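Each remark here refers to the structure printed beneath this line.
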Amino acid sequence: MAWNEPGGNKDQDPWGNRGNNQGPPDLDEVLKNFQKKLSGLFGGSGRSGGSHSGNAPGGLGIGIVIAIILAIWMATGFYKVEEAERGVVMRFGKHVDTTQKGLHWHFPRPIENVIKVNIRERHQFPLKATMLTQDENIVDIDGSVQYQIDDATAYLFNVRFPENTLAQATESALRQVIGRSKMDFVMTDGRDEIASRIKTNIQEIVNQYGTGMTVIEVNLQDANPPAPVRDAFQDVTQAREDKERLINEAQAYRNEVLPKARGQAARLREESDGYKQEIVARAEGEAKRFSQLLTEYRKAPKVTRDRIYLDTVQSVLSNTSKVVVDVKDGNNMMYIPLDKIMGGTIAAGTVSSSNLTPAQLDRARNLKADNLRKRSQRIRETR
């Protein structure tokens with residue numbers, strides 16, 4: 001029953017006052033009662049009687065205990081910040097300092113507390129979405145986004161849920177970039193460029209919100225059409241790859257054939273130039289020889305004509321091994337086997353004179369020349 005309820009003890013209040021004393025309790029008395037309780041707790045008599053000298057040991061013990069408790073409480077304020085961390089000091093819930101690596105001290109709880117944030121650790125979350133391209137095709141994107149915290153204070157206080165903000169910024173940037181690109185570009189050669197543009201857009205958005213995060217890398221592992229039309233797109237992709245392969249093979253064949261053709265053309269040009277020079281030189285020599293021969297012919301026409309005739313006949317008959325002589329005033333013809341006369345051998349219808357001595361060759365030539373002269377003389381006489 002409360003002391004002030006009807007029927008209660010109205011002569012005694014909660015602070016031990018009796019009678020009609022309605023004033024507040026004595027603070028000194030409250031402290032004295034508290035001191036007695038502590039003294040009894042740590043070995044004191046706990047009685048109110050006694051002299052002042054008897055209470056001295058109890059007061060000293062209380063001071064020591066309070067000092068020890070205070071020392072332990074102060075010791076809990078030491079904390080260590082690693083190299084990859086930043087310590088955010090909060091005083092009654094308000095940010096007052098951000099500490100670097102090393103050993104630091106702060107007022108222990110409940111006055112201050114420290115939140116450690118790792119700014120070197122790389123975080124990653126998956127990237128999976130279905131987007132509409134510029135040419136109104138649907139593409140499934142599968143990848144990941146890597147980020148890390150660069151400003152611990154901004155990360156903790158500027159945005160309530162920074163990871164959710166980063167995810168929403170990633171989706172917005174992805175829709176913006178994919179919506180401005182064609183499907184073939186997204187699925188083939190433009191994947192790296194698109195990832196770079198997405199990373200730039202995400203960083204711009206998170207900087208505007210002041211999240212204190214940095215996007216390190218955006219990876220696009222796959223960019224495929226929806227499942228119902230995936231086979232058709234695979235056929236198109238295979239045809240495109242076959243086209244590129246055939247073009248490369250044609251280029252390789254071209255690079256192989258053209259140098260050979262150029263080399264053959266150069267060789268033919270050189271041979272034609274050599275043949276041209278040979279024919280021109282030979283023609284010039286023949287013309288010069290004819291001019292000299294014309295000079296001699298003007299001096300002695302008959303001798304020059306006979307000499308030309310004999311040289312021509314000799315050049316014609318020098319490669320034959322048989323001579324047929326027409327007999328004057330007769331129907332018979334004389335056959336002279338020069339190969340047997342010269343002691344040569346006939347092989348495949350031709351005379352081989354490789355085994356004849358120089359004297360034998362001279363006799364054979366003289367014999368042929370005499371026969372030619374005789375035949376020429378008979379021909380002139382018949383005329």
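Residue numbers start at 1 in each chain; chains themselves are named A, B, ... in the order of the structure tokens; ligands are numbered from 1 in the order shown.
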
- Just list the residues in stretch 39-247 of chain A DSSP gives helix (DSSP H, G or I) on the backbone, as a PyMOL selection string. chain A and resi 39-41+52-75+152-157+162-179+183-187+191-209+227-247

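Of note, atom CA of A:Thr98 and atom CA of A:Arg122 are spaced 20.9 Å apart.
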
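Closest approach to A:Val206 among A:Ala154, A:Ala71, A:Met183, A:Leu246 is made by A:Ala154 (distances from only C-alpha atoms).
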
- Task: Check stretch 95-263 of chain A with DSSP on the backbone and list each residue it calls strand (DSSP E), as a PyMOL selection string.
- Result: chain A and resi 95-99+102-105+112-118+123-132+138-149+213-224

Generate the output file for the selected residues, N, CA and C atoms, as a compact mmCIF listing (two decimals), in the first residue's frame.
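Result file out-v1.txt:
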```txt
# COMPACT_ATOMS: atom_id res chain seq x y z
N HIS A 95 28.80 12.32 -35.18
CA HIS A 95 30.17 12.12 -35.67
C HIS A 95 31.05 13.30 -35.24
N VAL A 96 32.19 12.93 -34.61
CA VAL A 96 33.12 13.97 -34.16
C VAL A 96 34.50 13.84 -34.77
N ASP A 97 34.87 12.64 -35.25
CA ASP A 97 36.23 12.48 -35.77
C ASP A 97 36.31 11.21 -36.60
N THR A 98 37.29 11.19 -37.52
CA THR A 98 37.61 10.00 -38.31
C THR A 98 39.10 9.75 -38.18
N THR A 99 39.50 8.62 -37.64
CA THR A 99 40.90 8.33 -37.31
C THR A 99 41.51 7.41 -38.36
N GLY A 102 46.53 3.03 -36.58
CA GLY A 102 47.29 3.22 -35.36
C GLY A 102 46.43 3.00 -34.12
N LEU A 103 47.05 3.25 -32.93
CA LEU A 103 46.37 3.10 -31.65
C LEU A 103 45.80 4.44 -31.22
N HIS A 104 44.53 4.45 -30.85
CA HIS A 104 43.84 5.68 -30.48
C HIS A 104 43.04 5.45 -29.18
N TRP A 105 42.55 6.58 -28.61
CA TRP A 105 41.71 6.50 -27.41
C TRP A 105 40.52 7.41 -27.57
N GLU A 112 31.15 7.75 -26.00
CA GLU A 112 31.59 7.63 -27.40
C GLU A 112 31.69 6.17 -27.78
N ASN A 113 31.58 5.92 -29.06
CA ASN A 113 31.85 4.59 -29.64
C ASN A 113 32.47 4.78 -31.01
N VAL A 114 33.15 3.73 -31.48
CA VAL A 114 33.91 3.79 -32.74
C VAL A 114 33.36 2.74 -33.70
N ILE A 115 33.11 3.15 -34.95
CA ILE A 115 32.71 2.24 -36.03
C ILE A 115 33.88 2.14 -37.01
N LYS A 116 34.40 0.92 -37.20
CA LYS A 116 35.52 0.69 -38.11
C LYS A 116 34.99 0.29 -39.47
N VAL A 117 35.52 0.97 -40.49
CA VAL A 117 35.09 0.73 -41.87
C VAL A 117 36.31 0.35 -42.70
N ASN A 118 36.25 -0.79 -43.39
CA ASN A 118 37.34 -1.26 -44.25
C ASN A 118 37.21 -0.58 -45.61
N HIS A 123 34.13 -5.26 -52.71
CA HIS A 123 32.80 -5.85 -52.59
C HIS A 123 32.25 -6.10 -53.99
N GLN A 124 31.37 -7.06 -54.08
CA GLN A 124 30.81 -7.43 -55.38
C GLN A 124 29.36 -7.84 -55.22
N PHE A 125 28.54 -7.47 -56.19
CA PHE A 125 27.16 -7.94 -56.22
C PHE A 125 26.81 -8.29 -57.66
N PRO A 126 25.93 -9.27 -57.84
CA PRO A 126 25.61 -9.74 -59.20
C PRO A 126 24.81 -8.72 -59.99
N LEU A 127 24.96 -8.82 -61.31
CA LEU A 127 24.24 -7.94 -62.22
C LEU A 127 23.46 -8.81 -63.19
N LYS A 128 22.16 -8.81 -63.06
CA LYS A 128 21.32 -9.66 -63.91
C LYS A 128 20.04 -8.89 -64.22
N ALA A 129 19.78 -8.68 -65.51
CA ALA A 129 18.62 -7.89 -65.90
C ALA A 129 18.25 -8.22 -67.33
N THR A 130 17.03 -7.87 -67.70
CA THR A 130 16.51 -7.99 -69.06
C THR A 130 16.24 -6.60 -69.58
N MET A 131 16.90 -6.24 -70.68
CA MET A 131 16.86 -4.87 -71.17
C MET A 131 16.34 -4.81 -72.61
N LEU A 132 15.86 -3.64 -72.98
CA LEU A 132 15.39 -3.37 -74.34
C LEU A 132 16.43 -2.52 -75.06
N ILE A 138 15.08 -7.54 -77.22
CA ILE A 138 15.25 -7.83 -75.79
C ILE A 138 16.51 -8.66 -75.61
N VAL A 139 17.33 -8.29 -74.62
CA VAL A 139 18.57 -8.99 -74.35
C VAL A 139 18.69 -9.22 -72.85
N ASP A 140 19.16 -10.41 -72.49
CA ASP A 140 19.39 -10.77 -71.09
C ASP A 140 20.84 -10.49 -70.75
N ILE A 141 21.05 -9.67 -69.72
CA ILE A 141 22.40 -9.29 -69.29
C ILE A 141 22.74 -10.03 -68.00
N ASP A 142 23.94 -10.59 -67.96
CA ASP A 142 24.42 -11.29 -66.77
C ASP A 142 25.86 -10.86 -66.52
N GLY A 143 26.11 -10.34 -65.32
CA GLY A 143 27.47 -9.87 -65.01
C GLY A 143 27.62 -9.58 -63.53
N SER A 144 28.53 -8.69 -63.19
CA SER A 144 28.80 -8.34 -61.80
C SER A 144 29.40 -6.95 -61.74
N VAL A 145 29.29 -6.34 -60.55
CA VAL A 145 29.84 -5.01 -60.29
C VAL A 145 30.73 -5.09 -59.05
N GLN A 146 31.96 -4.60 -59.17
CA GLN A 146 32.89 -4.57 -58.05
C GLN A 146 33.07 -3.12 -57.60
N TYR A 147 33.06 -2.93 -56.27
CA TYR A 147 33.20 -1.58 -55.72
C TYR A 147 33.92 -1.67 -54.39
N GLN A 148 34.38 -0.52 -53.91
CA GLN A 148 34.97 -0.42 -52.59
C GLN A 148 34.63 0.95 -51.99
N ILE A 149 34.79 1.05 -50.66
CA ILE A 149 34.47 2.28 -49.93
C ILE A 149 35.71 3.17 -49.89
N MET A 213 31.42 5.66 -52.20
CA MET A 213 31.84 4.40 -52.82
C MET A 213 32.42 4.67 -54.20
N THR A 214 33.35 3.78 -54.61
CA THR A 214 33.99 3.88 -55.91
C THR A 214 33.77 2.58 -56.67
N VAL A 215 33.26 2.67 -57.89
CA VAL A 215 33.05 1.50 -58.74
C VAL A 215 34.38 1.13 -59.39
N ILE A 216 34.85 -0.07 -59.11
CA ILE A 216 36.15 -0.51 -59.63
C ILE A 216 36.02 -1.11 -61.02
N GLU A 217 35.05 -1.98 -61.20
CA GLU A 217 34.95 -2.68 -62.48
C GLU A 217 33.52 -3.19 -62.68
N VAL A 218 33.08 -3.16 -63.93
CA VAL A 218 31.80 -3.73 -64.34
C VAL A 218 32.08 -4.84 -65.35
N ASN A 219 31.67 -6.05 -65.04
CA ASN A 219 31.90 -7.20 -65.91
C ASN A 219 30.58 -7.66 -66.52
N LEU A 220 30.58 -7.81 -67.84
CA LEU A 220 29.43 -8.36 -68.56
C LEU A 220 29.82 -9.72 -69.09
N GLN A 221 29.49 -10.78 -68.35
CA GLN A 221 29.88 -12.13 -68.78
C GLN A 221 29.08 -12.60 -69.98
N ASP A 222 27.78 -12.38 -69.94
CA ASP A 222 26.90 -12.89 -71.01
C ASP A 222 25.90 -11.82 -71.41
N ALA A 223 25.62 -11.81 -72.71
CA ALA A 223 24.56 -10.96 -73.26
C ALA A 223 23.87 -11.79 -74.33
N ASN A 224 22.73 -12.37 -73.99
CA ASN A 224 22.05 -13.31 -74.86
C ASN A 224 20.62 -12.87 -75.11
```

- Task: Give me the residues within 12 Å of A:Asp184 as JSON, numbers by chain, counting only C-alpha atoms and dropping any in the same chain fewer than 3 places off.
- Result: {"A": [133, 134, 135, 136, 137, 138, 139, 178, 181, 187, 188, 189, 190, 191, 223, 224, 225, 233, 234, 236, 237, 240]}

- Task: Kindly give the distance, in Å, that separates atom CA of A:Lys94 and atom CA of A:Pro108, rounded to a single decimal.
- Result: 14.5 Å

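By chain and then residue number, the residues within 12 Å of A:Asn207 are A:Asp150, A:Asp151, A:Ala154, A:Tyr155, A:Asn158, A:Val159, A:Pro162, A:Thr165, A:Leu166, A:Ala169, A:Thr200, A:Asn201, A:Met213, A:Thr214, A:Val215, counting only C-alpha atoms and disregarding those fewer than 6 positions away in sequence.
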
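Here atom CA of A:His106 and atom CA of A:Ile66 stand 20.0 Å from one another.
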